[in-house]
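Colleague: My structure is stored as model38.cif, with mmCIF, C-alpha atoms.
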```cif
data_entry
loop_
_atom_site.label_atom_id
_atom_site.label_comp_id
_atom_site.auth_asym_id
_atom_site.auth_seq_id
_atom_site.Cartn_x
_atom_site.Cartn_y
_atom_site.Cartn_z
CA MET R 215 0.00 0.00 0.00
CA ARG R 216 1.00 3.63 -0.42
CA ALA R 217 1.77 5.39 2.85
CA LEU R 218 3.29 8.60 4.12
CA GLN R 219 6.43 8.12 6.16
CA TYR R 220 9.42 9.89 7.64
CA SER R 221 12.64 8.24 8.77
CA GLU R 222 14.20 11.23 10.50
CA TYR R 223 12.94 14.24 12.42
CA GLY R 224 13.09 17.57 10.70
CA PRO R 225 11.22 19.98 8.39
CA SER R 226 8.28 18.92 6.26
CA SER R 227 10.67 17.88 3.49
CA VAL R 228 11.43 14.66 5.43
CA LEU R 229 7.97 13.34 4.47
CA ARG R 230 7.96 10.71 1.74
CA VAL R 231 5.31 8.55 0.06
CA VAL R 232 6.52 4.96 0.18
CA GLU R 233 5.25 1.40 -0.33
CA LEU R 234 4.62 -0.56 2.87
CA PRO R 235 3.02 -3.94 3.74
CA GLU R 236 -0.69 -3.82 4.48
CA PRO R 237 -1.58 -3.78 8.20
CA GLN R 238 -3.97 -6.42 9.49
CA ALA R 239 -6.88 -5.91 11.88
CA PRO R 240 -6.10 -7.66 15.20
CA ALA R 241 -8.70 -8.60 17.80
CA GLY R 242 -10.70 -5.60 18.96
CA ARG R 243 -9.73 -3.43 15.99
CA ILE R 244 -11.03 -2.67 12.52
CA ARG R 245 -9.24 -1.81 9.28
CA ILE R 246 -10.43 0.87 6.90
CA ALA R 247 -9.72 1.89 3.36
CA VAL R 248 -8.71 5.45 4.14
CA ARG R 249 -10.46 8.26 2.31
CA ALA R 250 -9.13 11.22 4.29
CA VAL R 251 -6.71 12.00 7.12
CA GLY R 252 -6.82 14.90 9.57
CA VAL R 253 -3.75 17.10 10.14
CA ASN R 254 -3.24 18.22 13.74
CA PRO R 255 -0.52 20.46 15.24
CA TYR R 256 0.73 17.45 17.20
CA ASP R 257 1.56 15.74 13.89
CA TRP R 258 4.02 18.35 12.67
CA LYS R 259 5.43 18.95 16.15
CA LEU R 260 6.21 15.23 16.42
CA ARG R 261 7.71 15.21 12.91
CA SER R 262 9.87 18.24 13.72
CA GLY R 263 11.53 16.40 16.61
CA ALA R 264 10.00 18.70 19.24
CA PHE R 265 9.24 15.68 21.42
CA GLY R 266 12.43 13.77 20.58
CA ASP R 267 12.18 10.05 21.24
CA THR R 268 10.03 10.50 24.33
CA THR R 269 6.92 9.18 22.57
CA PRO R 270 6.04 5.49 22.17
CA THR R 271 6.52 5.89 18.41
CA ARG R 272 9.95 5.07 16.99
CA LEU R 273 11.39 5.92 13.58
CA PRO R 274 10.41 5.36 10.84
CA VAL R 275 6.93 6.80 11.42
CA VAL R 276 3.69 6.66 9.46
CA PRO R 277 2.21 9.93 10.77
CA HIS R 278 -1.25 11.14 11.71
CA SER R 279 -3.94 9.43 13.74
CA ASP R 280 -7.28 10.94 12.65
CA ALA R 281 -8.90 9.18 9.70
CA ALA R 282 -12.18 8.53 7.91
CA GLY R 283 -12.91 5.73 5.49
CA VAL R 284 -14.73 2.52 4.67
CA VAL R 285 -14.39 -0.59 6.83
CA ASP R 286 -12.71 -3.42 4.89
CA ALA R 287 -11.80 -5.83 7.72
CA VAL R 288 -13.14 -6.48 11.22
CA GLY R 289 -10.98 -8.00 13.95
CA GLU R 290 -12.05 -10.81 16.22
CA GLY R 291 -14.47 -9.80 18.95
CA VAL R 292 -15.60 -6.57 17.31
CA GLU R 293 -19.36 -6.08 17.15
CA GLY R 294 -21.65 -3.39 15.81
CA VAL R 295 -19.63 -2.64 12.67
CA ALA R 296 -19.38 -4.44 9.33
CA VAL R 297 -17.35 -4.36 6.13
CA GLY R 298 -18.62 -1.51 3.98
CA ASP R 299 -19.58 0.77 6.87
CA GLU R 300 -18.35 4.38 6.72
CA VAL R 301 -16.59 5.44 9.93
CA PHE R 302 -14.21 8.00 11.38
CA GLY R 303 -11.83 7.52 14.26
CA VAL R 304 -8.30 7.17 15.56
CA ALA R 305 -5.65 4.91 14.06
CA VAL R 306 -2.99 2.84 15.72
CA GLY R 307 0.26 2.65 13.75
CA GLY R 308 -0.45 5.68 11.57
CA ALA R 309 -3.40 6.83 9.48
CA ALA R 310 -1.70 8.44 6.48
CA ALA R 311 -1.89 5.39 4.26
CA GLU R 312 -4.28 3.62 1.93
CA LEU R 313 -5.19 1.24 4.76
CA ALA R 314 -5.24 1.96 8.50
CA VAL R 315 -6.19 0.07 11.65
CA LEU R 316 -8.51 1.98 14.00
CA ARG R 317 -8.60 1.60 17.77
CA VAL R 318 -11.47 4.07 18.27
CA TRP R 319 -14.26 4.64 15.74
CA THR R 320 -17.73 6.04 15.29
CA PRO R 321 -20.22 5.65 12.40
CA LYS R 322 -19.94 8.53 9.96
CA PRO R 323 -23.19 10.28 9.11
CA ARG R 324 -23.83 9.45 5.45
CA ALA R 325 -24.17 13.12 4.50
CA MET R 326 -20.86 14.07 6.12
CA PRO R 327 -17.96 14.31 3.63
CA PHE R 328 -14.97 12.09 4.42
CA GLY R 329 -12.71 15.14 4.61
CA GLU R 330 -14.84 16.79 7.26
CA ALA R 331 -15.10 13.53 9.22
CA ALA R 332 -11.32 13.03 9.18
CA GLY R 333 -10.85 16.39 10.87
CA LEU R 334 -13.01 15.49 13.84
CA PRO R 335 -11.64 12.76 16.15
CA ASN R 336 -8.94 14.41 18.23
CA VAL R 337 -10.33 17.96 18.20
CA VAL R 338 -13.78 16.70 19.19
CA GLU R 339 -12.40 14.49 21.95
CA THR R 340 -10.23 17.34 23.24
CA ALA R 341 -13.13 19.79 23.25
CA GLY R 342 -15.42 17.32 24.98
CA ARG R 343 -12.81 16.47 27.60
CA ALA R 344 -12.15 20.13 28.38
CA LEU R 345 -15.85 20.94 28.69
CA ASN R 346 -16.30 17.96 31.00
CA LEU R 347 -13.43 19.17 33.18
CA LEU R 348 -14.94 22.64 33.33
CA ALA R 349 -18.33 21.12 34.18
CA VAL R 350 -20.13 23.72 32.08
CA GLU R 351 -23.88 23.29 32.41
CA LYS R 352 -26.99 24.66 30.76
CA GLY R 353 -27.36 28.34 31.58
CA SER R 354 -23.67 28.96 32.27
CA THR R 355 -21.40 31.27 30.29
CA LEU R 356 -18.19 29.99 28.68
CA LEU R 357 -15.34 31.92 27.07
CA VAL R 358 -13.45 30.03 24.35
CA ASN R 359 -10.06 31.53 23.50
CA GLY R 360 -9.11 30.58 19.95
CA ALA R 361 -12.67 29.79 18.93
CA ALA R 362 -12.01 29.59 15.17
CA GLY R 363 -9.46 26.76 15.40
CA GLY R 364 -10.41 23.10 15.26
CA VAL R 365 -10.81 22.52 19.00
CA GLY R 366 -12.43 25.92 19.45
CA ILE R 367 -15.03 25.29 16.74
CA ALA R 368 -15.88 21.93 18.28
CA ALA R 369 -16.06 23.38 21.80
CA VAL R 370 -18.31 26.26 20.75
CA GLN R 371 -20.84 23.98 19.05
CA LEU R 372 -20.82 21.34 21.79
CA ALA R 373 -21.34 24.01 24.45
CA VAL R 374 -24.13 25.73 22.50
CA ALA R 375 -25.85 22.36 22.01
CA ARG R 376 -25.66 21.82 25.77
CA GLY R 377 -27.42 25.13 26.44
CA VAL R 378 -24.33 27.17 27.34
CA THR R 379 -23.87 30.85 26.42
CA VAL R 380 -20.57 31.08 24.52
CA ILE R 381 -18.20 33.99 23.92
CA GLY R 382 -15.41 33.22 21.45
CA THR R 383 -12.17 35.06 20.74
CA ALA R 384 -11.00 35.27 17.14
CA SER R 385 -9.67 37.70 14.57
CA GLU R 386 -12.30 40.03 13.15
CA ARG R 387 -12.42 38.12 9.85
CA ASN R 388 -13.86 35.17 11.77
CA HIS R 389 -16.49 37.05 13.79
CA ASP R 390 -19.39 36.40 11.40
CA PHE R 391 -18.38 32.75 11.25
CA LEU R 392 -18.55 32.47 15.06
CA ARG R 393 -21.94 34.17 15.12
CA GLY R 394 -23.11 31.49 12.72
CA LEU R 395 -22.04 28.85 15.25
CA GLY R 396 -24.05 30.53 17.99
CA ALA R 397 -21.22 32.34 19.80
CA THR R 398 -20.73 36.02 20.56
CA PRO R 399 -17.36 37.00 19.05
CA VAL R 400 -14.72 39.19 20.64
CA THR R 401 -11.29 40.16 19.33
CA TYR R 402 -8.36 38.50 21.06
CA GLY R 403 -5.23 40.32 22.23
CA PRO R 404 -4.39 43.12 24.69
CA GLY R 405 -7.44 44.48 26.50
CA LEU R 406 -9.38 41.22 26.26
CA PRO R 407 -10.76 41.31 29.84
CA GLY R 408 -12.35 44.71 29.27
CA ARG R 409 -13.97 43.61 26.01
CA VAL R 410 -15.34 40.46 27.62
CA ARG R 411 -16.76 42.36 30.60
CA ALA R 412 -18.51 44.74 28.20
CA ILE R 413 -20.23 41.75 26.55
CA ALA R 414 -20.88 39.81 29.77
CA PRO R 415 -21.21 42.29 32.66
CA ALA R 416 -22.51 39.50 34.90
CA GLY R 417 -19.24 37.64 34.36
CA ILE R 418 -18.33 34.27 32.90
CA ASP R 419 -18.37 30.90 34.62
CA ALA R 420 -15.48 29.17 32.83
CA ALA R 421 -12.88 29.65 30.12
CA LEU R 422 -11.22 27.26 27.68
CA ASP R 423 -7.88 28.29 26.20
CA THR R 424 -7.17 26.50 22.92
CA ALA R 425 -4.58 28.93 21.58
CA GLY R 426 -2.01 29.57 24.30
CA ARG R 427 0.06 32.67 23.53
CA GLY R 428 -0.12 33.94 27.12
CA ALA R 429 -3.88 34.40 27.32
CA VAL R 430 -4.30 32.44 30.57
CA ALA R 431 -3.13 35.39 32.70
CA ASP R 432 -6.10 37.39 31.37
CA LEU R 433 -8.59 34.53 31.49
CA VAL R 434 -8.09 33.85 35.21
CA THR R 435 -9.14 37.45 35.95
CA LEU R 436 -12.54 36.76 34.38
CA THR R 437 -13.58 33.49 36.05
CA PRO R 438 -14.78 32.90 39.64
CA THR R 439 -11.54 31.02 40.43
CA PRO R 440 -8.36 30.36 38.41
CA ALA R 441 -9.27 26.65 38.39
CA ASP R 442 -12.26 27.55 36.21
CA VAL R 443 -9.79 28.02 33.35
CA VAL R 444 -8.57 24.99 31.39
CA SER R 445 -5.91 25.19 28.69
CA ILE R 446 -4.94 22.65 26.06
CA ALA R 447 -2.06 24.76 24.74
CA ASP R 448 -0.31 26.59 27.59
CA PHE R 449 1.59 24.25 29.88
CA ASP R 450 2.55 27.18 32.10
CA ALA R 451 -1.13 27.66 32.97
CA PRO R 452 -0.77 26.07 36.45
CA ARG R 453 1.50 28.99 37.43
CA HIS R 454 -1.66 31.12 37.27
CA GLY R 455 -3.79 28.55 39.11
CA ALA R 456 -5.40 27.31 35.90
CA ARG R 457 -5.52 23.70 34.77
CA VAL R 458 -4.04 21.92 31.74
CA THR R 459 -5.56 18.91 30.03
CA ASP R 460 -3.45 16.60 27.89
CA GLY R 461 -5.58 13.47 28.01
CA SER R 462 -3.57 11.73 30.71
CA GLU R 463 -6.51 12.15 33.09
CA GLY R 464 -8.77 10.14 30.76
CA ARG R 465 -10.26 10.60 27.32
CA ALA R 466 -13.74 11.63 26.19
CA TRP R 467 -14.21 9.43 23.11
CA PRO R 468 -18.03 9.22 23.52
CA THR R 469 -18.05 12.86 22.35
CA LEU R 470 -17.49 11.53 18.80
CA MET R 471 -20.93 9.94 18.81
CA GLU R 472 -22.42 13.10 20.34
CA VAL R 473 -21.00 15.12 17.45
CA ALA R 474 -22.14 12.58 14.84
CA ASN R 475 -25.68 12.91 16.18
CA LEU R 476 -25.48 16.72 16.24
CA TYR R 477 -24.26 16.70 12.63
CA ALA R 478 -27.19 14.51 11.58
CA GLU R 479 -29.47 17.09 13.22
CA GLY R 480 -27.80 19.97 11.37
CA ARG R 481 -26.26 21.34 14.56
CA PHE R 482 -22.55 20.73 13.97
CA THR R 483 -20.03 21.50 11.26
CA MET R 484 -16.25 21.41 10.90
CA PRO R 485 -15.00 23.50 7.99
CA VAL R 486 -12.06 22.20 6.00
CA GLU R 487 -9.63 25.04 5.34
CA ARG R 488 -7.91 23.05 2.60
CA ALA R 489 -7.50 19.47 1.40
CA PHE R 490 -4.22 18.16 0.00
CA PRO R 491 -3.43 14.88 -1.78
CA LEU R 492 -1.11 12.54 0.09
CA ALA R 493 1.83 13.50 -2.15
CA GLU R 494 1.50 17.13 -0.98
CA ALA R 495 1.57 16.32 2.73
CA ALA R 496 4.58 18.62 3.23
CA ALA R 497 2.53 21.60 2.06
CA ALA R 498 -0.29 20.56 4.40
CA HIS R 499 2.12 20.46 7.36
CA ASP R 500 3.55 23.86 6.41
CA LEU R 501 0.08 25.41 6.25
CA SER R 502 -0.90 23.92 9.60
CA GLU R 503 2.32 25.19 11.15
CA SER R 504 1.61 28.72 9.88
CA GLY R 505 -1.35 28.98 12.29
CA HIS R 506 -4.51 31.09 11.93
CA ILE R 507 -6.40 28.27 10.24
CA ARG R 508 -10.18 28.21 10.35
CA GLY R 509 -11.20 24.63 10.97
CA LYS R 510 -9.09 21.76 9.69
CA ILE R 511 -6.53 20.76 7.10
CA VAL R 512 -6.87 17.27 5.65
CA LEU R 513 -5.08 14.84 3.35
CA THR R 514 -7.17 12.93 0.84
CA LEU R 515 -6.59 9.51 -0.67
#
```
Just give me the structure as C-alpha cells.
Modeller:
Amino acid sequence: MRALQYSEYGPSSVLRVVELPEPQAPAGRIRIAVRAVGVNPYDWKLRSGAFGDTTPTRLPVVPHSDAAGVVDAVGEGVEGVAVGDEVFGVAVGGAAAELAVLRVWTPKPRAMPFGEAAGLPNVVETAGRALNLLAVEKGSTLLVNGAAGGVGIAAVQLAVARGVTVIGTASERNHDFLRGLGATPVTYGPGLPGRVRAIAPAGIDAALDTAGRGAVADLVTLTPTPADVVSIADFDAPRHGARVTDGSEGRAWPTLMEVANLYAEGRFTMPVERAFPLAEAAAAHDLSESGHIRGKIVLTL
C-alpha cells in the first residue's frame, strides 16, 4: 500500500510517500480503506523532533492518527460494525496510508464528507474532555479563547448544544463565522478582559484556552476562580492557578458519537480550510504550522 512516512525528524521535506506492507486488523480493531486523514498540530510537532524520542513511536513513522474511510476488515471480537460501513476515528500505527487500523471509531453520518469527518476525532475528543473538566452546564457562560481553530469550533458547538452561552475570541475576519455557530465573538489580544466584561457584565463561569500565547493570565481574571480556566495549549497555565488537560486524566471518546448525532441534526459543522493529496503532505504540514487556520486541514486519498 502507499503510505506517508518519515525516517528522521526535521522539516516537512522529510515526508515521503513509500510502499509498505498492508496492516492487518487484530482482535478488537477494525481496518479501513482510508479516504481522508486529519492534520493536527501534534503531527508536525512530532515530525519536527520537538518531542524527541520521548513518545512510544519510533522511527520510521507513518504519521497522523485521525482518519475517515470505509471498513474493509473487522478484527475478532468486534461487534456493531461491518465491512462496507463508513466510519471516522483514531488509528494505531499511523493513518496516512491507503489502509489503517482503527482503535477508536464512530459511524460517519452518510451526509458528512470524508474530509470533514477526518478532521473530527482528536479535536472533538479534546473539546469534549475540556468541557467535562470545566463542568459547564446549561445556563452557564463559557469563554473560548481561539474559537475559530479546530478545538475551538468543536467546543463552541458542543457548548451551545448543551445550552451554554458562549463567547469566542478570534480575529475580526472570523467574527461572522462564530456568530453562525451561535457564539458572541470578541477580538483576542491586549485588553481582552475589558472587552469580555462589556459583553458579559454578569461575568463568565469558565474559560477554555485552545490557543495559548499567554492568554491564561487574562482569562483567570474573568472566572470565579483560576481553576475555572482549562488550557490545552499553555503548559505554564498552572502557574496562574489554571488547569491543563493533555488526556492523561482520561479521554472523552463518547463525544465523537455526540457530534455525529449533532451533525445529523444539522447542529454541527467542521469547515475544511484546505484538502491536499497525500503527495502534498509537506505543504499541508507547512500550512498547519503557519497557524490562523479556520477549521481543519486534511489529506485525501
Colleague: Looking at R:Pro277, R:Leu436, R:Arg243, R:Thr379, which one is nearest to R:Val231, with distances taken over all atoms listed in the file?
Modeller: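 When distances to R:Val231 are compared using all atoms listed in the file, the smallest one comes from R:Pro277.
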Colleague: So the first atom is atom CA of R:Glu290 and the second is atom CA of R:Ile244; what is the distance between them in Å, to one decimal place?
Modeller: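 Spanning atom CA of R:Glu290 to atom CA of R:Ile244 is a straight-line distance of 9.0 Å.
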Colleague: Could you name the residues that touch stretch 252-260 of chain R at 6 Å or less, counting all atoms listed in the file, but leaving out those on the same chain fewer than 2 positions away, as a ChimeraX atom specification?
Modeller: /R:262-265,278,280,332-333,511-512
Colleague: If you apply the PyMOL selection byres ((chain R and resi 340-348) around 10) to this file, what residues do you get, as a ChimeraX atom specification?
Modeller: /R:334-339,349-351,356,364-373,419-424,441-446,457-461,463-470,472-473
Colleague: List the spatial neighbours of stretch 388-401 of chain R as a CSV table (one decimal) with C-alpha atoms, keeping the file's coordinate frame - criterion: any atom at most 9 Å away, all atoms listed in the file, same-chain residues fewer than 5 positions off excluded.
Modeller:
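Dumped to part-v1.csv:
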```csv
chain,number,residue,atom,x,y,z
R,361,ALA,CA,-12.7,29.8,18.9
R,362,ALA,CA,-12.0,29.6,15.2
R,367,ILE,CA,-15.0,25.3,16.7
R,370,VAL,CA,-18.3,26.3,20.8
R,371,GLN,CA,-20.8,24.0,19.0
R,374,VAL,CA,-24.1,25.7,22.5
R,379,THR,CA,-23.9,30.8,26.4
R,380,VAL,CA,-20.6,31.1,24.5
R,381,ILE,CA,-18.2,34.0,23.9
R,382,GLY,CA,-15.4,33.2,21.4
R,383,THR,CA,-12.2,35.1,20.7
R,406,LEU,CA,-9.4,41.2,26.3
R,409,ARG,CA,-14.0,43.6,26.0
R,410,VAL,CA,-15.3,40.5,27.6
R,413,ILE,CA,-20.2,41.8,26.6
R,481,ARG,CA,-26.3,21.3,14.6
R,482,PHE,CA,-22.6,20.7,14.0
R,483,THR,CA,-20.0,21.5,11.3
R,508,ARG,CA,-10.2,28.2,10.4
```
Colleague: May I ask for the distance between atom CA of R:Arg245 and atom CA of R:Leu476, given in Å to one decimal place?
Modeller: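 Separation between atom CA of R:Arg245 and atom CA of R:Leu476: 25.6 Å.
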Colleague: Which residues match the PyMOL selection byres ((chain R and resi 507) around 10) in the file above, as a PDB file with C-alpha atoms, in the coordinates of the input?
Modeller:
```
ATOM      1  CA  ALA R 362     -12.010  29.590  15.170  1.00  0.00           C
ATOM      2  CA  GLY R 363      -9.460  26.760  15.400  1.00  0.00           C
ATOM      3  CA  GLY R 364     -10.410  23.100  15.260  1.00  0.00           C
ATOM      4  CA  VAL R 486     -12.060  22.200   6.000  1.00  0.00           C
ATOM      5  CA  GLU R 487      -9.630  25.040   5.340  1.00  0.00           C
ATOM      6  CA  ARG R 488      -7.910  23.050   2.600  1.00  0.00           C
ATOM      7  CA  LEU R 501       0.080  25.410   6.250  1.00  0.00           C
ATOM      8  CA  SER R 502      -0.900  23.920   9.600  1.00  0.00           C
ATOM      9  CA  GLU R 503       2.320  25.190  11.150  1.00  0.00           C
ATOM     10  CA  SER R 504       1.610  28.720   9.880  1.00  0.00           C
ATOM     11  CA  GLY R 505      -1.350  28.980  12.290  1.00  0.00           C
ATOM     12  CA  HIS R 506      -4.510  31.090  11.930  1.00  0.00           C
ATOM     13  CA  ARG R 508     -10.180  28.210  10.350  1.00  0.00           C
ATOM     14  CA  GLY R 509     -11.200  24.630  10.970  1.00  0.00           C
ATOM     15  CA  LYS R 510      -9.090  21.760   9.690  1.00  0.00           C
ATOM     16  CA  ILE R 511      -6.530  20.760   7.100  1.00  0.00           C
TER      17      ILE R 511
END
```
Colleague: Name the residues that the PyMOL selection byres ((chain R and resi 223) around 8) picks from the file above, as a ChimeraX atom specification, using the file's chain letters and numbers.
Modeller: /R:220-222,224-225,228,260-263
Colleague: Just the number, please: distance in Å from atom CA of R:Gly428 to atom CA of R:Gly408, one decimal.
Modeller: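 Computing the Euclidean distance for atom CA of R:Gly428 and atom CA of R:Gly408 yields 16.4 Å.
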Colleague: Between R:Pro240, R:Gly377, R:Gly329, R:Ala489, which residue has the minimum interatomic distance to R:Arg317, considering all atoms listed in the file?
Modeller: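 Answer, going by the shortest atom-to-atom distance: R:Pro240.
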Colleague: Check the smallest atom-to-atom distance from each of R:Ile418, R:Ala451, R:Ala478, R:Leu513 to R:Ser279 using all atoms listed in the file, then report the winner.
Modeller: R:Leu513
Colleague: Given only C-alpha atoms as the basis, pick out the residue of R:Ala425, R:Ala495, R:Val276, R:Ala331 nearest to R:Tyr477.
Modeller: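 Comparing R:Ala425, R:Ala495, R:Val276, R:Ala331 against R:Tyr477, the winner is R:Ala331.
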Colleague: Could you give me, as a list in words, the residues within 8 Å of R:Gly417, counting only C-alpha atoms and dropping anything in the same chain fewer than 2 positions from it?
Modeller: Thr355, Arg411, Ala414, Pro415, Asp419, Leu436 and Thr437 of chain R
Colleague: Counting only C-alpha atoms, which residue out of R:Gly360, R:Gln219, R:Leu273, R:Leu433 sits closest to R:Tyr402?
Modeller: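 Looking at the shortest contact to R:Tyr402, the residue is R:Gly360.
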Colleague: Listed atoms of stretch 344-356 of chain R, axis-aligned box, 3 Å per side: centre and edge lengths to one decimal in Å, as JSON?
Modeller:
```
{"center_x": -19.8, "center_y": 24.6, "center_z": 31.3, "size_x": 21.2, "size_y": 19.3, "size_z": 11.8}
```
Colleague: Closest to R:Ala311 among R:Met484, R:Leu492, R:Ala384, R:Val297, using all atoms listed in the file?
Modeller: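 Ranked by minimum distance to R:Ala311, first place goes to R:Leu492.
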Colleague: Using all atoms listed in the file, what residues lie at most 10 Å away from (1.3, 14.4, -2.5) (file coordinates), given as number ranges by chain?
Modeller: R: 218, 229-231, 490-498, 513-515
Colleague: Convert the current residue selection to file output with C-alpha atoms, as a PDB file, in the coordinates of the input.
Modeller:
```
ATOM      1  CA  LEU R 218       3.290   8.600   4.120  1.00  0.00           C
ATOM      2  CA  LEU R 229       7.970  13.340   4.470  1.00  0.00           C
ATOM      3  CA  ARG R 230       7.960  10.710   1.740  1.00  0.00           C
ATOM      4  CA  VAL R 231       5.310   8.550   0.060  1.00  0.00           C
ATOM      5  CA  PHE R 490      -4.220  18.160   0.000  1.00  0.00           C
ATOM      6  CA  PRO R 491      -3.430  14.880  -1.780  1.00  0.00           C
ATOM      7  CA  LEU R 492      -1.110  12.540   0.090  1.00  0.00           C
ATOM      8  CA  ALA R 493       1.830  13.500  -2.150  1.00  0.00           C
ATOM      9  CA  GLU R 494       1.500  17.130  -0.980  1.00  0.00           C
ATOM     10  CA  ALA R 495       1.570  16.320   2.730  1.00  0.00           C
ATOM     11  CA  ALA R 496       4.580  18.620   3.230  1.00  0.00           C
ATOM     12  CA  ALA R 497       2.530  21.600   2.060  1.00  0.00           C
ATOM     13  CA  ALA R 498      -0.290  20.560   4.400  1.00  0.00           C
ATOM     14  CA  LEU R 513      -5.080  14.840   3.350  1.00  0.00           C
ATOM     15  CA  THR R 514      -7.170  12.930   0.840  1.00  0.00           C
ATOM     16  CA  LEU R 515      -6.590   9.510  -0.670  1.00  0.00           C
TER      17      LEU R 515
END
```
